[in-house]
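Novice: Following this line is work.txt, made up of compact mmCIF, C-alpha atoms:
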```txt
# COMPACT_ATOMS: atom_id res chain seq x y z
CA MET A 1 5.39 -45.58 -34.57
CA LEU A 2 5.51 -49.27 -35.43
CA ASP A 3 2.63 -51.71 -34.96
CA ILE A 4 3.12 -53.38 -31.56
CA LYS A 5 1.28 -56.44 -32.87
CA LEU A 6 3.97 -56.82 -35.55
CA ILE A 7 6.71 -56.37 -32.95
CA LYS A 8 5.25 -59.14 -30.78
CA GLU A 9 4.45 -61.55 -33.60
CA GLN A 10 7.58 -61.01 -35.74
CA PRO A 11 10.29 -59.59 -33.46
CA GLU A 12 13.17 -61.06 -35.49
CA GLU A 13 11.82 -59.51 -38.70
CA VAL A 14 11.55 -56.11 -37.04
CA ILE A 15 15.08 -56.37 -35.63
CA ALA A 16 16.50 -57.45 -39.01
CA ARG A 17 14.75 -54.68 -40.94
CA LEU A 18 15.84 -51.99 -38.48
CA ALA A 19 19.42 -53.31 -38.63
CA LYS A 20 19.44 -52.21 -42.29
CA LYS A 21 19.10 -48.67 -40.96
CA GLY A 22 22.00 -49.21 -38.61
CA LYS A 23 19.73 -49.56 -35.58
CA ASP A 24 20.44 -52.40 -33.14
CA ALA A 25 16.89 -52.78 -31.88
CA LYS A 26 17.18 -56.16 -30.12
CA GLU A 27 17.14 -54.79 -26.57
CA ASP A 28 14.44 -52.24 -27.36
CA VAL A 29 12.20 -54.86 -28.97
CA GLU A 30 12.68 -57.22 -26.03
CA MET A 31 11.85 -54.41 -23.59
CA ILE A 32 8.73 -53.47 -25.56
CA ILE A 33 7.49 -57.06 -25.45
CA LYS A 34 8.28 -57.28 -21.71
CA LEU A 35 6.54 -53.99 -20.89
CA ASP A 36 3.50 -54.94 -22.96
CA GLU A 37 3.25 -58.24 -21.05
CA GLN A 38 3.47 -56.31 -17.76
CA ARG A 39 0.81 -53.88 -18.96
CA ARG A 40 -1.56 -56.67 -19.90
CA ALA A 41 -0.97 -58.53 -16.62
CA ILE A 42 -1.74 -55.40 -14.59
CA ILE A 43 -4.92 -54.78 -16.59
CA VAL A 44 -6.10 -58.38 -16.05
CA GLU A 45 -5.36 -58.19 -12.31
CA ASN A 46 -7.14 -54.85 -11.97
CA GLU A 47 -10.18 -56.13 -13.82
CA ALA A 48 -10.35 -59.05 -11.38
CA LEU A 49 -9.97 -56.70 -8.38
CA LYS A 50 -12.69 -54.37 -9.67
CA ALA A 51 -14.98 -57.32 -10.37
CA GLU A 52 -14.47 -58.46 -6.77
CA GLN A 53 -15.22 -54.93 -5.52
CA ASN A 54 -18.42 -54.82 -7.55
CA ARG A 55 -19.51 -58.25 -6.34
CA THR A 56 -18.95 -57.32 -2.71
CA ASN A 57 -20.67 -53.95 -3.11
CA LYS A 58 -23.79 -55.68 -4.36
CA LEU A 59 -23.80 -57.99 -1.29
CA ILE A 60 -23.52 -55.21 1.32
CA PRO A 61 -27.30 -54.41 1.41
CA GLN A 62 -28.03 -58.11 1.95
CA TYR A 63 -25.43 -58.35 4.73
CA LYS A 64 -26.98 -55.33 6.42
CA LYS A 65 -30.41 -57.01 6.40
CA GLU A 66 -28.88 -60.15 7.86
CA GLY A 67 -27.19 -58.10 10.59
CA LYS A 68 -23.72 -59.23 9.69
CA ASP A 69 -20.68 -57.36 10.94
CA LEU A 70 -19.63 -55.15 8.02
CA ALA A 71 -16.31 -54.01 9.46
CA PRO A 72 -14.30 -56.91 7.93
CA ILE A 73 -16.05 -56.35 4.58
CA PHE A 74 -15.26 -52.62 4.58
CA ALA A 75 -11.66 -53.44 5.52
CA GLU A 76 -11.51 -55.87 2.59
CA MET A 77 -12.98 -53.22 0.28
CA LYS A 78 -10.38 -50.72 1.44
CA GLU A 79 -7.60 -53.22 0.78
CA LEU A 80 -8.99 -53.97 -2.70
CA GLY A 81 -9.18 -50.25 -3.42
CA ALA A 82 -5.58 -49.74 -2.31
CA LYS A 83 -4.39 -52.59 -4.56
CA THR A 84 -6.35 -51.18 -7.49
CA LYS A 85 -4.87 -47.71 -6.92
CA ALA A 86 -1.35 -49.16 -6.70
CA ASN A 87 -1.94 -51.07 -9.92
CA ASP A 88 -3.28 -47.93 -11.64
CA ASP A 89 -0.10 -46.08 -10.67
CA LYS A 90 2.05 -48.97 -11.84
CA LEU A 91 0.10 -49.21 -15.10
CA LYS A 92 0.66 -45.52 -15.78
CA GLU A 93 4.40 -45.95 -15.19
CA VAL A 94 4.62 -49.03 -17.44
CA GLU A 95 2.60 -47.37 -20.22
CA THR A 96 4.85 -44.30 -20.08
CA GLN A 97 7.93 -46.50 -20.44
CA LEU A 98 6.31 -48.51 -23.23
CA THR A 99 5.34 -45.36 -25.14
CA SER A 100 8.87 -44.01 -24.79
CA PHE A 101 10.39 -47.17 -26.27
CA MET A 102 7.78 -47.30 -29.05
CA LEU A 103 8.40 -43.66 -30.01
CA GLY A 104 12.14 -44.28 -30.03
CA LEU A 105 12.06 -46.95 -32.73
CA PRO A 106 12.60 -45.69 -36.30
CA ASN A 107 10.38 -46.72 -39.17
CA MET A 108 11.19 -50.03 -40.82
CA PRO A 109 12.69 -49.72 -44.31
CA ASP A 110 10.85 -51.43 -47.14
CA PRO A 111 12.17 -54.97 -47.76
CA ASP A 112 13.69 -54.13 -51.17
CA LEU A 113 16.02 -51.43 -49.82
CA GLU A 114 19.75 -52.08 -49.56
CA GLY A 115 21.19 -51.94 -46.06
CA GLY A 116 23.85 -49.42 -45.11
CA GLY A 117 24.29 -45.74 -45.82
CA LYS A 118 25.07 -43.40 -48.72
CA GLU A 119 27.62 -45.80 -50.15
CA ASN A 120 24.75 -48.11 -51.14
CA ASN A 121 22.50 -45.49 -52.72
CA LYS A 122 21.53 -46.48 -56.26
CA PRO A 123 20.98 -44.05 -59.17
CA LEU A 124 17.88 -45.21 -61.04
CA ARG A 125 17.83 -42.87 -64.04
CA TYR A 126 19.41 -39.75 -65.50
CA PHE A 127 17.86 -36.88 -67.43
CA GLY A 128 19.70 -34.58 -69.82
CA GLU A 129 23.42 -33.93 -70.06
CA PRO A 130 25.73 -31.79 -67.92
CA ARG A 131 26.35 -28.29 -69.26
CA LYS A 132 29.62 -27.97 -71.15
CA PHE A 133 31.22 -24.50 -71.15
CA ASP A 134 33.48 -23.00 -73.80
CA PHE A 135 34.60 -20.38 -71.27
CA GLU A 136 35.75 -20.38 -67.62
CA PRO A 137 32.48 -20.55 -65.66
CA LYS A 138 31.92 -18.72 -62.39
CA ASN A 139 30.57 -20.25 -59.22
CA HIS A 140 27.12 -19.18 -58.00
CA VAL A 141 28.46 -17.07 -55.15
CA ASP A 142 30.44 -14.84 -57.50
CA LEU A 143 27.67 -14.78 -60.10
CA CYS A 144 25.01 -13.78 -57.59
CA THR A 145 27.25 -11.16 -56.01
CA ASP A 146 28.36 -9.66 -59.34
CA LEU A 147 24.77 -9.45 -60.61
CA GLY A 148 23.46 -8.07 -57.31
CA LEU A 149 21.08 -11.01 -56.84
CA ILE A 150 22.21 -12.04 -53.35
CA ASP A 151 23.62 -9.93 -50.52
CA TYR A 152 25.59 -12.18 -48.18
CA LYS A 153 27.43 -9.42 -46.35
CA ARG A 154 24.36 -7.54 -45.16
CA ALA A 155 22.55 -10.80 -44.30
CA ALA A 156 25.44 -11.68 -41.99
CA LYS A 157 25.11 -8.22 -40.44
CA LEU A 158 21.42 -8.83 -39.80
CA SER A 159 21.47 -12.46 -38.66
CA GLY A 160 25.00 -13.92 -38.76
CA ASN A 161 26.42 -16.69 -40.93
CA GLY A 162 24.11 -19.13 -42.68
CA PHE A 163 21.70 -16.47 -44.00
CA TRP A 164 21.36 -14.47 -47.22
CA ILE A 165 19.22 -11.69 -48.67
CA TYR A 166 17.56 -11.95 -52.08
CA SER A 167 18.01 -8.49 -53.56
CA GLY A 168 16.34 -6.81 -56.55
CA LEU A 169 16.24 -9.23 -59.48
CA GLY A 170 17.41 -11.96 -57.11
CA ALA A 171 14.21 -11.56 -55.08
CA ARG A 172 12.17 -11.51 -58.28
CA LEU A 173 13.90 -14.64 -59.56
CA GLU A 174 13.30 -16.46 -56.27
CA TRP A 175 9.62 -15.46 -56.37
CA ALA A 176 9.38 -16.55 -60.01
CA ILE A 177 10.71 -20.01 -59.08
CA LEU A 178 8.17 -20.32 -56.27
CA ASN A 179 5.32 -19.22 -58.53
CA TYR A 180 6.34 -21.83 -61.09
CA PHE A 181 6.21 -24.51 -58.38
CA ILE A 182 2.83 -23.31 -57.10
CA ASP A 183 1.19 -23.21 -60.53
CA PHE A 184 2.54 -26.68 -61.30
CA HIS A 185 0.97 -28.23 -58.18
CA LEU A 186 -2.33 -26.42 -58.65
CA GLY A 187 -2.43 -27.81 -62.17
CA ASN A 188 -2.02 -31.32 -60.73
CA GLY A 189 -5.02 -30.93 -58.44
CA TYR A 190 -3.17 -30.42 -55.15
CA GLN A 191 -4.75 -28.16 -52.52
CA PHE A 192 -2.68 -25.07 -51.66
CA MET A 193 -2.17 -24.53 -47.92
CA LEU A 194 -0.50 -21.65 -46.11
CA VAL A 195 0.27 -23.10 -42.69
CA PRO A 196 1.55 -21.52 -39.45
CA HIS A 197 5.31 -21.22 -39.19
CA MET A 198 5.20 -21.80 -35.43
CA LEU A 199 4.03 -25.25 -34.35
CA GLY A 200 3.18 -27.09 -31.15
CA TYR A 201 5.08 -30.13 -29.84
CA GLU A 202 2.41 -32.56 -31.08
CA CYS A 203 3.26 -31.67 -34.69
CA GLY A 204 6.88 -32.71 -34.23
CA LEU A 205 5.78 -35.87 -32.42
CA THR A 206 3.37 -36.90 -35.18
CA ALA A 207 5.93 -36.20 -37.91
CA GLY A 208 8.42 -38.40 -36.04
CA GLN A 209 10.98 -35.64 -35.47
CA PHE A 210 10.31 -35.62 -31.71
CA PRO A 211 11.39 -36.61 -29.18
CA LYS A 212 14.68 -37.80 -30.73
CA PHE A 213 15.42 -34.69 -32.82
CA GLN A 214 13.71 -32.04 -30.71
CA ASP A 215 17.01 -30.23 -30.13
CA GLU A 216 17.52 -29.71 -33.87
CA VAL A 217 14.75 -27.11 -34.26
CA TYR A 218 14.46 -23.50 -33.12
CA TRP A 219 12.31 -23.32 -29.98
CA LEU A 220 10.59 -20.06 -29.05
CA GLU A 221 10.91 -18.66 -25.57
CA THR A 222 7.47 -18.48 -23.95
CA ALA A 223 5.94 -17.70 -20.59
CA GLU A 224 5.31 -20.70 -18.35
CA ASP A 225 1.57 -20.60 -18.98
CA GLU A 226 1.96 -20.44 -22.77
CA ARG A 227 2.00 -23.34 -25.20
CA ARG A 228 5.58 -24.12 -26.22
CA ARG A 229 6.22 -23.68 -29.95
CA PHE A 230 9.00 -24.23 -32.45
CA MET A 231 9.76 -22.85 -35.92
CA LEU A 232 8.84 -25.42 -38.53
CA PRO A 233 11.82 -27.15 -40.20
CA THR A 234 9.64 -28.15 -43.18
CA ALA A 235 5.97 -27.78 -44.10
CA GLU A 236 5.67 -31.57 -43.83
CA THR A 237 5.71 -31.16 -40.05
CA ALA A 238 2.52 -29.11 -40.27
CA LEU A 239 0.79 -30.91 -43.14
CA VAL A 240 1.00 -34.41 -41.62
CA SER A 241 -0.80 -33.10 -38.52
CA LEU A 242 -3.73 -31.57 -40.41
CA HIS A 243 -5.83 -34.67 -39.75
CA ARG A 244 -4.31 -35.67 -36.42
CA ASP A 245 -6.83 -37.52 -34.20
CA GLU A 246 -9.31 -37.74 -37.09
CA ILE A 247 -11.09 -40.67 -38.73
CA LEU A 248 -11.45 -40.10 -42.47
CA THR A 249 -13.63 -42.04 -44.91
CA GLU A 250 -12.51 -43.87 -48.01
CA ALA A 251 -14.21 -41.16 -50.08
CA ASP A 252 -12.00 -38.54 -48.39
CA LEU A 253 -8.83 -40.13 -49.73
CA PRO A 254 -6.45 -39.39 -51.21
CA LYS A 255 -5.79 -36.01 -49.63
CA LYS A 256 -3.27 -34.08 -51.72
CA TYR A 257 -1.76 -30.94 -50.22
CA PHE A 258 1.12 -28.60 -50.90
CA ALA A 259 2.40 -25.66 -48.91
CA TYR A 260 4.92 -22.89 -49.36
CA THR A 261 6.91 -21.94 -46.25
CA PRO A 262 10.29 -20.71 -45.22
CA CYS A 263 12.07 -23.55 -43.40
CA PHE A 264 14.19 -23.03 -40.31
CA ARG A 265 17.07 -25.39 -39.50
CA ARG A 266 19.65 -25.21 -36.74
CA GLU A 267 21.97 -27.42 -38.78
CA ALA A 268 23.64 -25.16 -41.33
CA GLY A 269 26.99 -23.69 -42.31
CA SER A 270 29.72 -24.77 -44.71
CA TYR A 271 30.70 -28.36 -44.09
CA ARG A 272 33.00 -28.36 -47.09
CA ALA A 273 34.76 -25.64 -49.02
CA ASP A 274 32.47 -26.16 -52.03
CA GLU A 275 29.28 -25.77 -49.98
CA ARG A 276 29.31 -22.00 -49.97
CA GLY A 277 26.57 -19.45 -50.43
CA MET A 278 23.02 -20.71 -50.06
CA VAL A 279 23.61 -24.46 -50.35
CA ARG A 280 23.31 -24.81 -46.58
CA GLY A 281 21.53 -22.26 -44.44
CA HIS A 282 19.43 -21.68 -41.35
CA GLN A 283 16.47 -20.40 -43.41
CA PHE A 284 15.39 -21.29 -46.93
CA ASN A 285 12.23 -21.42 -49.04
CA LYS A 286 10.51 -24.64 -49.99
CA VAL A 287 7.28 -25.95 -51.46
CA GLU A 288 6.30 -29.28 -49.91
CA MET A 289 3.89 -31.96 -51.14
CA VAL A 290 2.04 -34.31 -48.77
CA GLN A 291 -0.44 -37.09 -49.46
CA TYR A 292 -2.72 -39.12 -47.19
CA THR A 293 -3.67 -42.37 -48.93
CA LEU A 294 -5.26 -45.76 -48.46
CA PRO A 295 -2.55 -48.37 -47.75
CA GLU A 296 -3.13 -50.16 -51.06
CA LYS A 297 -2.65 -46.87 -52.95
CA SER A 298 0.56 -45.96 -51.16
CA ASP A 299 3.04 -47.16 -53.80
CA GLU A 300 1.06 -45.48 -56.57
CA ALA A 301 1.09 -42.20 -54.64
CA PHE A 302 4.84 -42.48 -54.12
CA GLU A 303 5.49 -42.81 -57.86
CA GLU A 304 3.21 -39.82 -58.48
CA LEU A 305 5.20 -37.65 -56.06
CA VAL A 306 8.50 -38.75 -57.59
CA GLY A 307 7.15 -37.93 -61.05
CA ASN A 308 6.02 -34.49 -59.87
CA ALA A 309 9.46 -33.66 -58.50
CA GLU A 310 11.18 -34.92 -61.64
CA ASN A 311 8.88 -32.94 -63.93
CA LEU A 312 9.49 -29.73 -61.98
CA VAL A 313 13.24 -30.13 -62.46
CA LYS A 314 12.81 -31.10 -66.12
CA GLY A 315 10.77 -27.96 -66.67
CA LEU A 316 13.74 -25.86 -65.56
CA GLY A 317 15.96 -27.65 -68.08
CA PHE A 318 18.34 -29.17 -65.56
CA HIS A 319 20.44 -32.28 -65.91
CA PHE A 320 19.59 -34.49 -62.92
CA ARG A 321 19.44 -38.01 -61.62
CA THR A 322 16.93 -39.91 -59.45
CA VAL A 323 18.51 -41.94 -56.67
CA LYS A 324 17.02 -44.72 -54.57
CA LEU A 325 18.38 -44.33 -51.04
CA ALA A 326 19.76 -47.20 -49.02
CA ALA A 327 17.94 -47.92 -45.76
CA GLY A 328 20.52 -46.19 -43.60
CA ASP A 329 20.31 -42.98 -45.63
CA CYS A 330 16.53 -42.73 -45.33
CA ALA A 331 15.14 -40.50 -42.61
CA SER A 332 14.32 -42.19 -39.33
CA THR A 333 10.60 -41.81 -40.02
CA MET A 334 10.55 -43.10 -43.59
CA ALA A 335 10.22 -46.55 -45.15
CA ARG A 336 11.64 -45.53 -48.55
CA THR A 337 13.06 -42.40 -50.16
CA TYR A 338 14.09 -41.32 -53.65
CA ASP A 339 16.23 -38.20 -54.02
CA ILE A 340 16.23 -35.94 -57.07
CA GLU A 341 19.80 -34.65 -57.45
CA ILE A 342 20.90 -31.86 -59.78
CA ASN A 343 24.34 -30.93 -61.01
CA ILE A 344 25.86 -27.72 -59.66
CA PRO A 345 29.00 -27.32 -61.81
CA SER A 346 31.19 -25.60 -59.19
CA MET A 347 30.53 -28.40 -56.71
CA ASN A 348 31.76 -31.16 -59.01
CA GLY A 349 28.84 -33.43 -58.28
CA TYR A 350 25.16 -33.79 -57.51
CA LYS A 351 23.11 -32.09 -54.81
CA GLU A 352 19.69 -33.18 -53.58
CA VAL A 353 16.86 -30.75 -54.39
CA SER A 354 13.97 -33.05 -53.54
CA SER A 355 13.48 -36.02 -51.25
CA VAL A 356 10.30 -38.01 -51.86
CA SER A 357 9.44 -40.41 -49.05
CA ASN A 358 6.81 -42.93 -48.01
CA GLY A 359 6.22 -43.13 -44.27
CA ARG A 360 3.68 -45.96 -44.64
CA ASP A 361 1.53 -45.88 -41.44
CA TYR A 362 4.37 -44.78 -39.13
CA GLN A 363 3.29 -41.12 -38.79
CA ALA A 364 -0.41 -41.99 -38.86
CA ARG A 365 0.02 -44.24 -35.82
CA ARG A 366 1.78 -41.45 -33.94
CA GLY A 367 -0.97 -38.98 -34.87
CA MET A 368 -3.94 -41.38 -34.70
CA ILE A 369 -4.93 -40.65 -38.30
CA ARG A 370 -7.30 -43.34 -39.49
CA VAL A 371 -9.73 -44.24 -42.25
CA LYS A 372 -13.08 -45.97 -41.80
CA ARG A 373 -13.68 -48.47 -44.60
CA ALA A 374 -17.03 -49.05 -46.28
CA ASP A 375 -17.30 -52.34 -44.32
CA GLY A 376 -16.89 -50.47 -41.04
CA LYS A 377 -13.29 -51.54 -40.42
CA THR A 378 -10.97 -48.78 -39.20
CA GLU A 379 -7.25 -48.72 -40.01
CA PHE A 380 -4.37 -46.28 -40.26
CA VAL A 381 -3.79 -44.25 -43.43
CA HIS A 382 -0.42 -43.93 -45.14
CA THR A 383 1.37 -40.57 -45.35
CA LEU A 384 3.87 -39.49 -47.99
CA ASN A 385 5.82 -36.32 -48.60
CA GLY A 386 8.12 -34.79 -51.16
CA SER A 387 9.92 -31.52 -51.76
CA GLY A 388 8.36 -29.79 -54.67
CA LEU A 389 10.88 -28.08 -54.53
CA ALA A 390 13.37 -26.34 -52.22
CA THR A 391 14.93 -23.28 -53.85
CA SER A 392 18.22 -23.03 -51.97
CA ARG A 393 19.94 -25.41 -54.41
CA ILE A 394 17.73 -24.75 -57.42
CA PHE A 395 18.82 -21.09 -57.42
CA PRO A 396 22.61 -21.81 -57.44
CA ALA A 397 22.19 -24.52 -60.08
CA LEU A 398 20.07 -22.20 -62.21
CA VAL A 399 22.59 -19.35 -62.30
CA GLU A 400 25.58 -21.68 -62.81
CA GLN A 401 24.06 -23.86 -65.53
CA ASN A 402 22.54 -20.88 -67.39
CA GLN A 403 25.45 -18.45 -67.16
CA ASN A 404 26.92 -16.84 -70.26
CA ALA A 405 30.44 -15.79 -71.16
CA ASP A 406 29.63 -12.11 -70.47
CA GLY A 407 28.57 -12.89 -66.88
CA SER A 408 24.84 -12.72 -67.59
CA VAL A 409 22.34 -15.49 -66.78
CA THR A 410 19.68 -16.77 -69.18
CA VAL A 411 16.30 -17.17 -67.48
CA PRO A 412 14.65 -20.59 -68.08
CA GLU A 413 11.65 -20.24 -70.36
CA VAL A 414 9.14 -21.45 -67.74
CA LEU A 415 10.12 -18.57 -65.44
CA ARG A 416 10.03 -15.71 -67.94
CA LYS A 417 6.33 -14.95 -67.56
CA TYR A 418 6.86 -14.49 -63.82
CA ILE A 419 9.97 -12.29 -63.92
CA GLY A 420 9.42 -10.55 -67.26
CA LEU A 421 13.01 -11.05 -68.45
CA ASP A 422 14.85 -13.39 -70.77
CA VAL A 423 18.32 -12.56 -69.45
CA ILE A 424 19.63 -11.21 -66.15
CA LYS A 425 22.63 -8.97 -66.60
CA LYS A 426 24.37 -6.03 -64.98
```
Transcribe the structure of this file into structure tokens.
Specialist:
Amino acid sequence: MLDIKLIKEQPEEVIARLAKKGKDAKEDVEMIIKLDEQRRAIIVENEALKAEQNRTNKLIPQYKKEGKDLAPIFAEMKELGAKTKANDDKLKEVETQLTSFMLGLPNMPDPDLEGGGKENNKPLRYFGEPRKFDFEPKNHVDLCTDLGLIDYKRAAKLSGNGFWIYSGLGARLEWAILNYFIDFHLGNGYQFMLVPHMLGYECGLTAGQFPKFQDEVYWLETAEDERRRFMLPTAETALVSLHRDEILTEADLPKKYFAYTPCFRREAGSYRADERGMVRGHQFNKVEMVQYTLPEKSDEAFEELVGNAENLVKGLGFHFRTVKLAAGDCASTMARTYDIEINIPSMNGYKEVSSVSNGRDYQARRGMIRVKRADGKTEFVHTLNGSGLATSRIFPALVEQNQNADGSVTVPEVLRKYIGLDVIKK
């Protein structure tokens, strides 16, 4: 959620920044300002009405002593009460409308971001060189099937398209990758969290995914008297609500968390012929990093998260690039995002394996997550997140980039202690 003070004081700046994301916010901003003015006017009027009620109430005992007719006074009190009640109802309606418009605005992109979409994304740096083969390489689907690592056919039988089963050494390789991620983050001083996979609506609201994207998650059917829950699309949705409605101290920050979860997405399937196998799916494994920071430490925390994601990919020996996203390609909730993209040979290009984003105070405002300064001042914290990492593209890249002419796959050195093998073969 944006700062309403900023919207009122710099409406043109807000409109211009949101236009970089492709959002025409002029009418919404004007409506927010109008509704806020109505809200304030109603509050002022009600305060005057209640002050009049209190003043008259105090005079009633005196009027009784003087023998005055109280009927007109009681009638006036009744009328004041009715006006106050009508204003309370109107205030509730206006505040509901105002909240709806405020929740509907995306986060403002940082000023240095290019406007537009993917076409304006900017690669910042490259690491390593693409693998060159002296034989005809296989794609990951054939490799995983031939080596018995992934069972697509039986997964479809169990759950339909968009799912897969890690089988035998495939399951061990997946678990090795996850253990490598977990040990890396523990070594960097992040706190390991295992969070619920079913979340309440407030988590989606705080993360900024709801109400706009509430139809893009899997909702659970519940009885009418039960709390409605959804399957988490990413651990970020849980982690950014850990301190919802809390006031932290400066000494508490930064908070550095990571969590392993399966992630559940309704959006899946093969959008292009080259996006086969596990590149897009309804369920995949991911380790997610989240930080809560002081505003002045926000940029430093962002660079740390980007460095963590890059170092994880470097450790696996991949060629990759780091890309600064244009405003329109950043998530609705985020002020800036860098993607780490690896090369999957059969796809003739780069695929994102980590998005590192700074939400500034956008999520904290939605979740009322604040910090009390040493001088007593209270303000909103900043929240950041980054994939560290998702496996559904790491796994295909790993088998394709490390395949051998005989159809075997060399295991990256950092994973060998977890799987106990140097090479996976038939």
Novice: Around (5.3, -24.5, -29.9), as given in the file, which residues come within 9 Å? Count all atoms listed in the file and list them as a list in words.
Specialist: Met198, Leu199, Gly200, Tyr201, Glu202, Cys203, Trp219, Leu220, Thr222, Glu226, Arg227, Arg228, Arg229, Phe230 and Met231 of chain A
Novice: Skip segment 325-333 of chain A itself and residues of its chain fewer than 6 positions away, then list as number ranges by chain all residues within 9 Å of it, counting all atoms listed in the file.
Specialist: A: 1, 17-23, 105-110, 113-123, 207-209, 339, 357-359, 362-363
Novice: Using the selection just defined, write its residues with C-alpha atoms as a PDB file, in the frame of the given file.
Specialist:
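Final output, saved to again11.pdb:
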```pdb
ATOM      1  CA  MET A   1       5.390 -45.580 -34.570  1.00  0.00           C
ATOM      2  CA  ARG A  17      14.750 -54.680 -40.940  1.00  0.00           C
ATOM      3  CA  LEU A  18      15.840 -51.990 -38.480  1.00  0.00           C
ATOM      4  CA  ALA A  19      19.420 -53.310 -38.630  1.00  0.00           C
ATOM      5  CA  LYS A  20      19.440 -52.210 -42.290  1.00  0.00           C
ATOM      6  CA  LYS A  21      19.100 -48.670 -40.960  1.00  0.00           C
ATOM      7  CA  GLY A  22      22.000 -49.210 -38.610  1.00  0.00           C
ATOM      8  CA  LYS A  23      19.730 -49.560 -35.580  1.00  0.00           C
ATOM      9  CA  LEU A 105      12.060 -46.950 -32.730  1.00  0.00           C
ATOM     10  CA  PRO A 106      12.600 -45.690 -36.300  1.00  0.00           C
ATOM     11  CA  ASN A 107      10.380 -46.720 -39.170  1.00  0.00           C
ATOM     12  CA  MET A 108      11.190 -50.030 -40.820  1.00  0.00           C
ATOM     13  CA  PRO A 109      12.690 -49.720 -44.310  1.00  0.00           C
ATOM     14  CA  ASP A 110      10.850 -51.430 -47.140  1.00  0.00           C
ATOM     15  CA  LEU A 113      16.020 -51.430 -49.820  1.00  0.00           C
ATOM     16  CA  GLU A 114      19.750 -52.080 -49.560  1.00  0.00           C
ATOM     17  CA  GLY A 115      21.190 -51.940 -46.060  1.00  0.00           C
ATOM     18  CA  GLY A 116      23.850 -49.420 -45.110  1.00  0.00           C
ATOM     19  CA  GLY A 117      24.290 -45.740 -45.820  1.00  0.00           C
ATOM     20  CA  LYS A 118      25.070 -43.400 -48.720  1.00  0.00           C
ATOM     21  CA  GLU A 119      27.620 -45.800 -50.150  1.00  0.00           C
ATOM     22  CA  ASN A 120      24.750 -48.110 -51.140  1.00  0.00           C
ATOM     23  CA  ASN A 121      22.500 -45.490 -52.720  1.00  0.00           C
ATOM     24  CA  LYS A 122      21.530 -46.480 -56.260  1.00  0.00           C
ATOM     25  CA  PRO A 123      20.980 -44.050 -59.170  1.00  0.00           C
ATOM     26  CA  ALA A 207       5.930 -36.200 -37.910  1.00  0.00           C
ATOM     27  CA  GLY A 208       8.420 -38.400 -36.040  1.00  0.00           C
ATOM     28  CA  GLN A 209      10.980 -35.640 -35.470  1.00  0.00           C
ATOM     29  CA  ASP A 339      16.230 -38.200 -54.020  1.00  0.00           C
ATOM     30  CA  SER A 357       9.440 -40.410 -49.050  1.00  0.00           C
ATOM     31  CA  ASN A 358       6.810 -42.930 -48.010  1.00  0.00           C
ATOM     32  CA  GLY A 359       6.220 -43.130 -44.270  1.00  0.00           C
ATOM     33  CA  TYR A 362       4.370 -44.780 -39.130  1.00  0.00           C
ATOM     34  CA  GLN A 363       3.290 -41.120 -38.790  1.00  0.00           C
TER      35      GLN A 363
END
```
Novice: Which of these, A:Lys65, A:Arg280, A:Arg172, A:Arg244, has the shortest distance to Ser392 of chain A once you count only C-alpha atoms?
Specialist: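 Closest to Ser392 of chain A, using only C-alpha atoms: A:Arg280.
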Novice: Find the distance between atom CA of Thr391 of chain A and atom CA of His282 of chain A and write it in Å to one decimal.
Specialist: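 Between atom CA of Thr391 of chain A and atom CA of His282 of chain A the gap works out to 13.4 Å.
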Novice: Here is a test: counting all atoms listed in the file, which residue of A:Phe135, A:Phe101, A:Tyr152, A:Phe184 is nearest to Val313 of chain A?
Specialist: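 Result for the nearest residue to Val313 of chain A: A:Phe184.
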Novice: Any idea what's packed within 12 Å of Ile73 of chain A, counting only C-alpha atoms, ignoring anything in its chain fewer than 3 positions away? Could you give it as a list in words?
Specialist: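 Those residues are Glu52, Gln53, Arg55, Thr56, Asn57, Lys58, Leu59, Ile60, Pro61, Tyr63, Lys64, Lys68, Asp69, Leu70, Glu76, Met77, Lys78, Glu79 and Leu80 of chain A.
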Novice: Take the residues that were just selected and, keeping C-alpha atoms, output them as a tab-separated table (two decimals), in the coordinates of the input.
Specialist:
```
chain	number	residue	atom	x	y	z
A	52	GLU	CA	-14.47	-58.46	-6.77
A	53	GLN	CA	-15.22	-54.93	-5.52
A	55	ARG	CA	-19.51	-58.25	-6.34
A	56	THR	CA	-18.95	-57.32	-2.71
A	57	ASN	CA	-20.67	-53.95	-3.11
A	58	LYS	CA	-23.79	-55.68	-4.36
A	59	LEU	CA	-23.80	-57.99	-1.29
A	60	ILE	CA	-23.52	-55.21	1.32
A	61	PRO	CA	-27.30	-54.41	1.41
A	63	TYR	CA	-25.43	-58.35	4.73
A	64	LYS	CA	-26.98	-55.33	6.42
A	68	LYS	CA	-23.72	-59.23	9.69
A	69	ASP	CA	-20.68	-57.36	10.94
A	70	LEU	CA	-19.63	-55.15	8.02
A	76	GLU	CA	-11.51	-55.87	2.59
A	77	MET	CA	-12.98	-53.22	0.28
A	78	LYS	CA	-10.38	-50.72	1.44
A	79	GLU	CA	-7.60	-53.22	0.78
A	80	LEU	CA	-8.99	-53.97	-2.70
```
Novice: Suppose you want the space between atom CA of Asn343 of chain A and atom CA of Asn385 of chain A; what is it in Å?
Specialist: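 We find that atom CA of Asn343 of chain A and atom CA of Asn385 of chain A lie 22.9 Å from each other.
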Novice: Using only C-alpha atoms, find all polymer residues with an atom at most 10 Å away from the point (14.8, -17.7, -65.8); report them as a PyMOL selection string.
Specialist: chain A and resi 173-174+176-177+316+395+398-399+402+409-424
Novice: Near Ala155 of chain A, within 10 Å and counting only C-alpha atoms, which residues show up once chain neighbours fewer than 6 positions away are dropped, as a short mmCIF file (atom, residue, chain, number, x, y, z; two decimals) with C-alpha atoms, in the coordinates of the input?
Specialist:
```cif
data_model
loop_
_atom_site.label_atom_id
_atom_site.label_comp_id
_atom_site.auth_asym_id
_atom_site.auth_seq_id
_atom_site.Cartn_x
_atom_site.Cartn_y
_atom_site.Cartn_z
CA ASN A 161 26.42 -16.69 -40.93
CA GLY A 162 24.11 -19.13 -42.68
CA PHE A 163 21.70 -16.47 -44.00
CA TRP A 164 21.36 -14.47 -47.22
CA ILE A 165 19.22 -11.69 -48.67
CA TYR A 166 17.56 -11.95 -52.08
#
```
